[in-house]
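Text of the file model_33.cif, holding mmCIF, C-alpha atoms and all ligand atoms:
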data_input
#
loop_
_atom_site.label_atom_id
_atom_site.label_comp_id
_atom_site.auth_asym_id
_atom_site.auth_seq_id
_atom_site.Cartn_x
_atom_site.Cartn_y
_atom_site.Cartn_z
CA GLY A 1045 -21.54 -15.68 -1.55
CA PHE A 1046 -18.44 -13.56 -1.67
CA GLU A 1047 -14.98 -13.45 -0.16
CA VAL A 1048 -13.55 -11.08 2.40
CA LEU A 1049 -9.89 -10.41 3.04
CA ALA A 1050 -8.63 -9.04 6.33
CA ALA A 1051 -5.66 -7.06 5.03
CA LYS A 1052 -3.65 -6.75 8.24
CA SER A 1053 -4.08 -10.35 9.36
CA GLY A 1054 -3.87 -11.75 5.83
CA VAL A 1055 -6.90 -13.98 6.33
CA ARG A 1056 -9.25 -14.58 3.39
CA VAL A 1057 -12.59 -16.26 3.99
CA GLN A 1058 -15.71 -17.19 2.01
CA VAL A 1059 -18.91 -15.69 3.43
CA ALA A 1060 -21.88 -18.01 3.06
CA GLU A 1061 -25.38 -16.68 2.30
CA ASP A 1062 -26.55 -17.53 5.82
CA GLU A 1063 -23.73 -16.00 7.83
CA THR A 1064 -22.45 -12.50 8.53
CA ILE A 1065 -18.99 -11.22 7.61
CA ALA A 1066 -18.26 -10.92 11.34
CA ALA A 1067 -19.20 -14.58 11.85
CA ALA A 1068 -17.13 -15.72 8.86
CA PHE A 1069 -14.08 -13.92 10.23
CA ALA A 1070 -14.69 -15.25 13.73
CA ARG A 1071 -14.69 -18.85 12.58
CA SER A 1072 -11.39 -18.16 10.80
CA GLY A 1073 -9.79 -16.71 13.91
CA VAL A 1074 -10.11 -13.03 13.06
CA ARG A 1075 -11.74 -11.24 15.96
CA VAL A 1076 -14.39 -8.68 15.06
CA PRO A 1077 -15.78 -6.74 18.03
CA VAL A 1078 -19.57 -6.81 17.91
CA SER A 1079 -22.28 -5.56 20.22
CA CYS A 1080 -25.78 -4.98 18.85
CA GLU A 1081 -25.32 -7.20 15.77
CA GLN A 1082 -28.19 -5.26 14.19
CA GLY A 1083 -26.36 -2.44 12.43
CA ILE A 1084 -27.20 0.16 15.05
CA CYS A 1085 -24.24 0.71 17.41
CA GLY A 1086 -21.18 0.99 15.16
CA THR A 1087 -18.98 -1.34 17.25
CA CYS A 1088 -18.17 -3.55 14.26
CA VAL A 1089 -17.32 -0.76 11.80
CA VAL A 1090 -14.01 -1.02 9.90
CA SER A 1091 -12.48 0.71 6.88
CA VAL A 1092 -12.96 -0.74 3.40
CA LEU A 1093 -9.78 -0.89 1.31
CA GLU A 1094 -11.12 -2.56 -1.84
CA GLY A 1095 -14.49 -3.67 -3.19
CA GLU A 1096 -17.98 -2.25 -2.85
CA PRO A 1097 -20.03 -2.97 0.27
CA ASP A 1098 -23.73 -3.77 0.19
CA HIS A 1099 -24.69 -1.69 3.21
CA ARG A 1100 -27.40 -3.08 5.51
CA ASP A 1101 -26.76 -1.03 8.66
CA GLU A 1102 -28.55 2.02 10.09
CA TYR A 1103 -25.41 3.49 11.65
CA LEU A 1104 -23.10 4.90 8.98
CA THR A 1105 -23.82 8.18 7.22
CA ASP A 1106 -23.87 8.21 3.41
CA GLU A 1107 -20.44 9.83 3.47
CA GLU A 1108 -19.02 7.20 5.83
CA LYS A 1109 -20.47 4.48 3.62
CA THR A 1110 -18.01 5.41 0.88
CA ASP A 1111 -15.12 3.82 2.80
CA GLN A 1112 -16.48 2.01 5.89
CA ILE A 1113 -18.61 -1.06 6.59
CA ALA A 1114 -20.50 -2.54 9.53
CA LEU A 1115 -19.33 -6.16 9.58
CA CYS A 1116 -22.23 -7.47 11.69
CA CYS A 1117 -24.79 -7.09 8.94
CA SER A 1118 -23.58 -5.55 5.69
CA ARG A 1119 -22.50 -7.62 2.72
CA SER A 1120 -20.58 -7.16 -0.54
CA LYS A 1121 -21.61 -6.23 -4.07
CA THR A 1122 -18.20 -7.27 -5.38
CA PRO A 1123 -16.82 -10.85 -5.33
CA LEU A 1124 -14.05 -9.70 -2.97
CA LEU A 1125 -14.13 -7.14 -0.21
CA VAL A 1126 -10.86 -6.09 1.45
CA VAL A 1127 -11.13 -4.56 4.91
CA ASP A 1128 -8.64 -2.95 7.26
CA LEU A 1129 -8.65 -5.64 9.92
FE1 LIG A 1201 -23.60 -2.92 16.28
FE2 LIG A 1201 -22.48 -4.01 14.11
S1 LIG A 1201 -22.37 -4.70 16.16
S2 LIG A 1201 -23.51 -2.12 14.26
#
Could you express the structure from this file as structure tokens?
Ligand code: FES
Amino acid sequence: GFEVLAAKSGVRVQVAEDETIAAAFARSGVRVPVSCEQGICGTCVVSVLEGEPDHRDEYLTDEEKTDQIALCCSRSKTPLLVVDL
């Protein structure tokens, strides 16, 4: 697992192996808009402020992947990922 921090709301949450970042935030009261939940539509995309995402989506371009993440399906390569949320 890894931790995610929602910078604007100041909420930090552990993401379990069997849940998505969006789900982890949701159970901690941080709303993440989602639609397809399959990495296709881009509804759940936010900016990454710190850490390195483990991208699992089909939506973002390689360039966008340098500083954005799809929270419905992507994960983290670093122990902590800070997002603009
Ligand atoms: Fe569609 Fe995440 S909800 S890409």
Neighbours of segment 1108-1113 of chain A within 9 Å (all atoms listed in the file; same-chain residues fewer than 3 positions away dropped), as a VMD selection string?
chain A and resid 1088 to 1094 1096 to 1099 1101 1104 to 1105 1116 to 1119 1127
Expected file contents, prior selection, C-alpha atoms, as a PDB file, keeping the file's coordinate frame:
ATOM      1  CA  CYS A1088     -18.170  -3.550  14.260  1.00  0.00           C
ATOM      2  CA  VAL A1089     -17.320  -0.760  11.800  1.00  0.00           C
ATOM      3  CA  VAL A1090     -14.010  -1.020   9.900  1.00  0.00           C
ATOM      4  CA  SER A1091     -12.480   0.710   6.880  1.00  0.00           C
ATOM      5  CA  VAL A1092     -12.960  -0.740   3.400  1.00  0.00           C
ATOM      6  CA  LEU A1093      -9.780  -0.890   1.310  1.00  0.00           C
ATOM      7  CA  GLU A1094     -11.120  -2.560  -1.840  1.00  0.00           C
ATOM      8  CA  GLU A1096     -17.980  -2.250  -2.850  1.00  0.00           C
ATOM      9  CA  PRO A1097     -20.030  -2.970   0.270  1.00  0.00           C
ATOM     10  CA  ASP A1098     -23.730  -3.770   0.190  1.00  0.00           C
ATOM     11  CA  HIS A1099     -24.690  -1.690   3.210  1.00  0.00           C
ATOM     12  CA  ASP A1101     -26.760  -1.030   8.660  1.00  0.00           C
ATOM     13  CA  LEU A1104     -23.100   4.900   8.980  1.00  0.00           C
ATOM     14  CA  THR A1105     -23.820   8.180   7.220  1.00  0.00           C
ATOM     15  CA  CYS A1116     -22.230  -7.470  11.690  1.00  0.00           C
ATOM     16  CA  CYS A1117     -24.790  -7.090   8.940  1.00  0.00           C
ATOM     17  CA  SER A1118     -23.580  -5.550   5.690  1.00  0.00           C
ATOM     18  CA  ARG A1119     -22.500  -7.620   2.720  1.00  0.00           C
ATOM     19  CA  VAL A1127     -11.130  -4.560   4.910  1.00  0.00           C
TER      20      VAL A1127
END
Could you work out an axis-aligned bounding box for all listed atoms of ligand LIG 1201 (chain A), with 5 Å added on each of the six sides, and give its centre and edge lengths in Å to one decimal, as AutoDock Vina command-line options?
--center_x -23.0 --center_y -3.4 --center_z 15.2 --size_x 11.2 --size_y 12.6 --size_z 12.2
Write out as a Markdown table the residues of chain A that have any atom within 7 Å of an atom of ligand LIG 1201 (chain A), one row each with the nearest atom pair and its distance in Å to one decimal, counting all atoms listed in the file, sorted by chain and then rising number.
| residue | atom | partner | partner_atom | distance |
| --- | --- | --- | --- | --- |
| A:Val1078 | CA | A:LIG1201 | S1 | 3.9 |
| A:Ser1079 | CA | A:LIG1201 | S1 | 4.2 |
| A:Cys1080 | CA | A:LIG1201 | FE1 | 3.9 |
| A:Glu1081 | CA | A:LIG1201 | S1 | 3.9 |
| A:Gln1082 | CA | A:LIG1201 | FE1 | 5.6 |
| A:Gly1083 | CA | A:LIG1201 | S2 | 3.4 |
| A:Ile1084 | CA | A:LIG1201 | S2 | 4.4 |
| A:Cys1085 | CA | A:LIG1201 | FE1 | 3.9 |
| A:Gly1086 | CA | A:LIG1201 | S2 | 4.0 |
| A:Thr1087 | CA | A:LIG1201 | S1 | 4.9 |
| A:Cys1088 | CA | A:LIG1201 | FE2 | 4.3 |
| A:Val1089 | CA | A:LIG1201 | FE2 | 6.5 |
| A:Asp1101 | CA | A:LIG1201 | S2 | 6.6 |
| A:Tyr1103 | CA | A:LIG1201 | S2 | 6.5 |
| A:Ala1114 | CA | A:LIG1201 | FE2 | 5.2 |
| A:Leu1115 | CA | A:LIG1201 | FE2 | 5.9 |
| A:Cys1116 | CA | A:LIG1201 | FE2 | 4.2 |
| A:Cys1117 | CA | A:LIG1201 | FE2 | 6.4 |
Best match for closeness to Val1057 of chain A among A:Pro1077, A:Pro1123, A:Glu1107, A:Phe1069, counting only C-alpha atoms:
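Looking only at the distances to Val1057 of chain A, the closest residue turns out to be A:Phe1069.
Distances to Arg1075 of chain A were evaluated for A:Ala1050, A:Gly1045, A:Thr1122, A:Asp1106 using only C-alpha atoms, and the minimum falls at A:Ala1050.
Taking atom CA of Ala1070 of chain A as the reference point, atom CA of Lys1121 of chain A is found at 21.1 Å.
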With a distance cut-off of 7 Å and only C-alpha atoms, select the neighbouring residues of Gly1095 of chain A, excluding the residue or stretch itself and same-chain residues fewer than 3 positions from it, and output the selection as a compact mmCIF listing (two decimals) with C-alpha atoms, in the coordinates of the input.
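So selection-v2.txt came out as:
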# COMPACT_ATOMS: atom_id res chain seq x y z
CA THR A 1122 -18.20 -7.27 -5.38
CA LEU A 1124 -14.05 -9.70 -2.97
CA LEU A 1125 -14.13 -7.14 -0.21
CA VAL A 1126 -10.86 -6.09 1.45
For Val1074 of chain A, which residue out of A:Ser1120, A:Val1055, A:Val1048, A:Asp1128 is the nearest one, using only C-alpha atoms?
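Using only C-alpha atoms, Val1074 of chain A sits closest to A:Val1055.
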Would you mind reading off the distance between atom CA of Glu1102 of chain A and atom CA of Arg1071 of chain A, one decimal, in Å?
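Taking atom CA of Glu1102 of chain A and atom CA of Arg1071 of chain A, their separation equals 25.2 Å.
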Atom CA of Ala1066 of chain A to atom CA of Arg1100 of chain A, straight-line distance in Å
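Value for the atom CA of Arg1100 of chain A-atom CA of Ala1066 of chain A distance: 13.4 Å.
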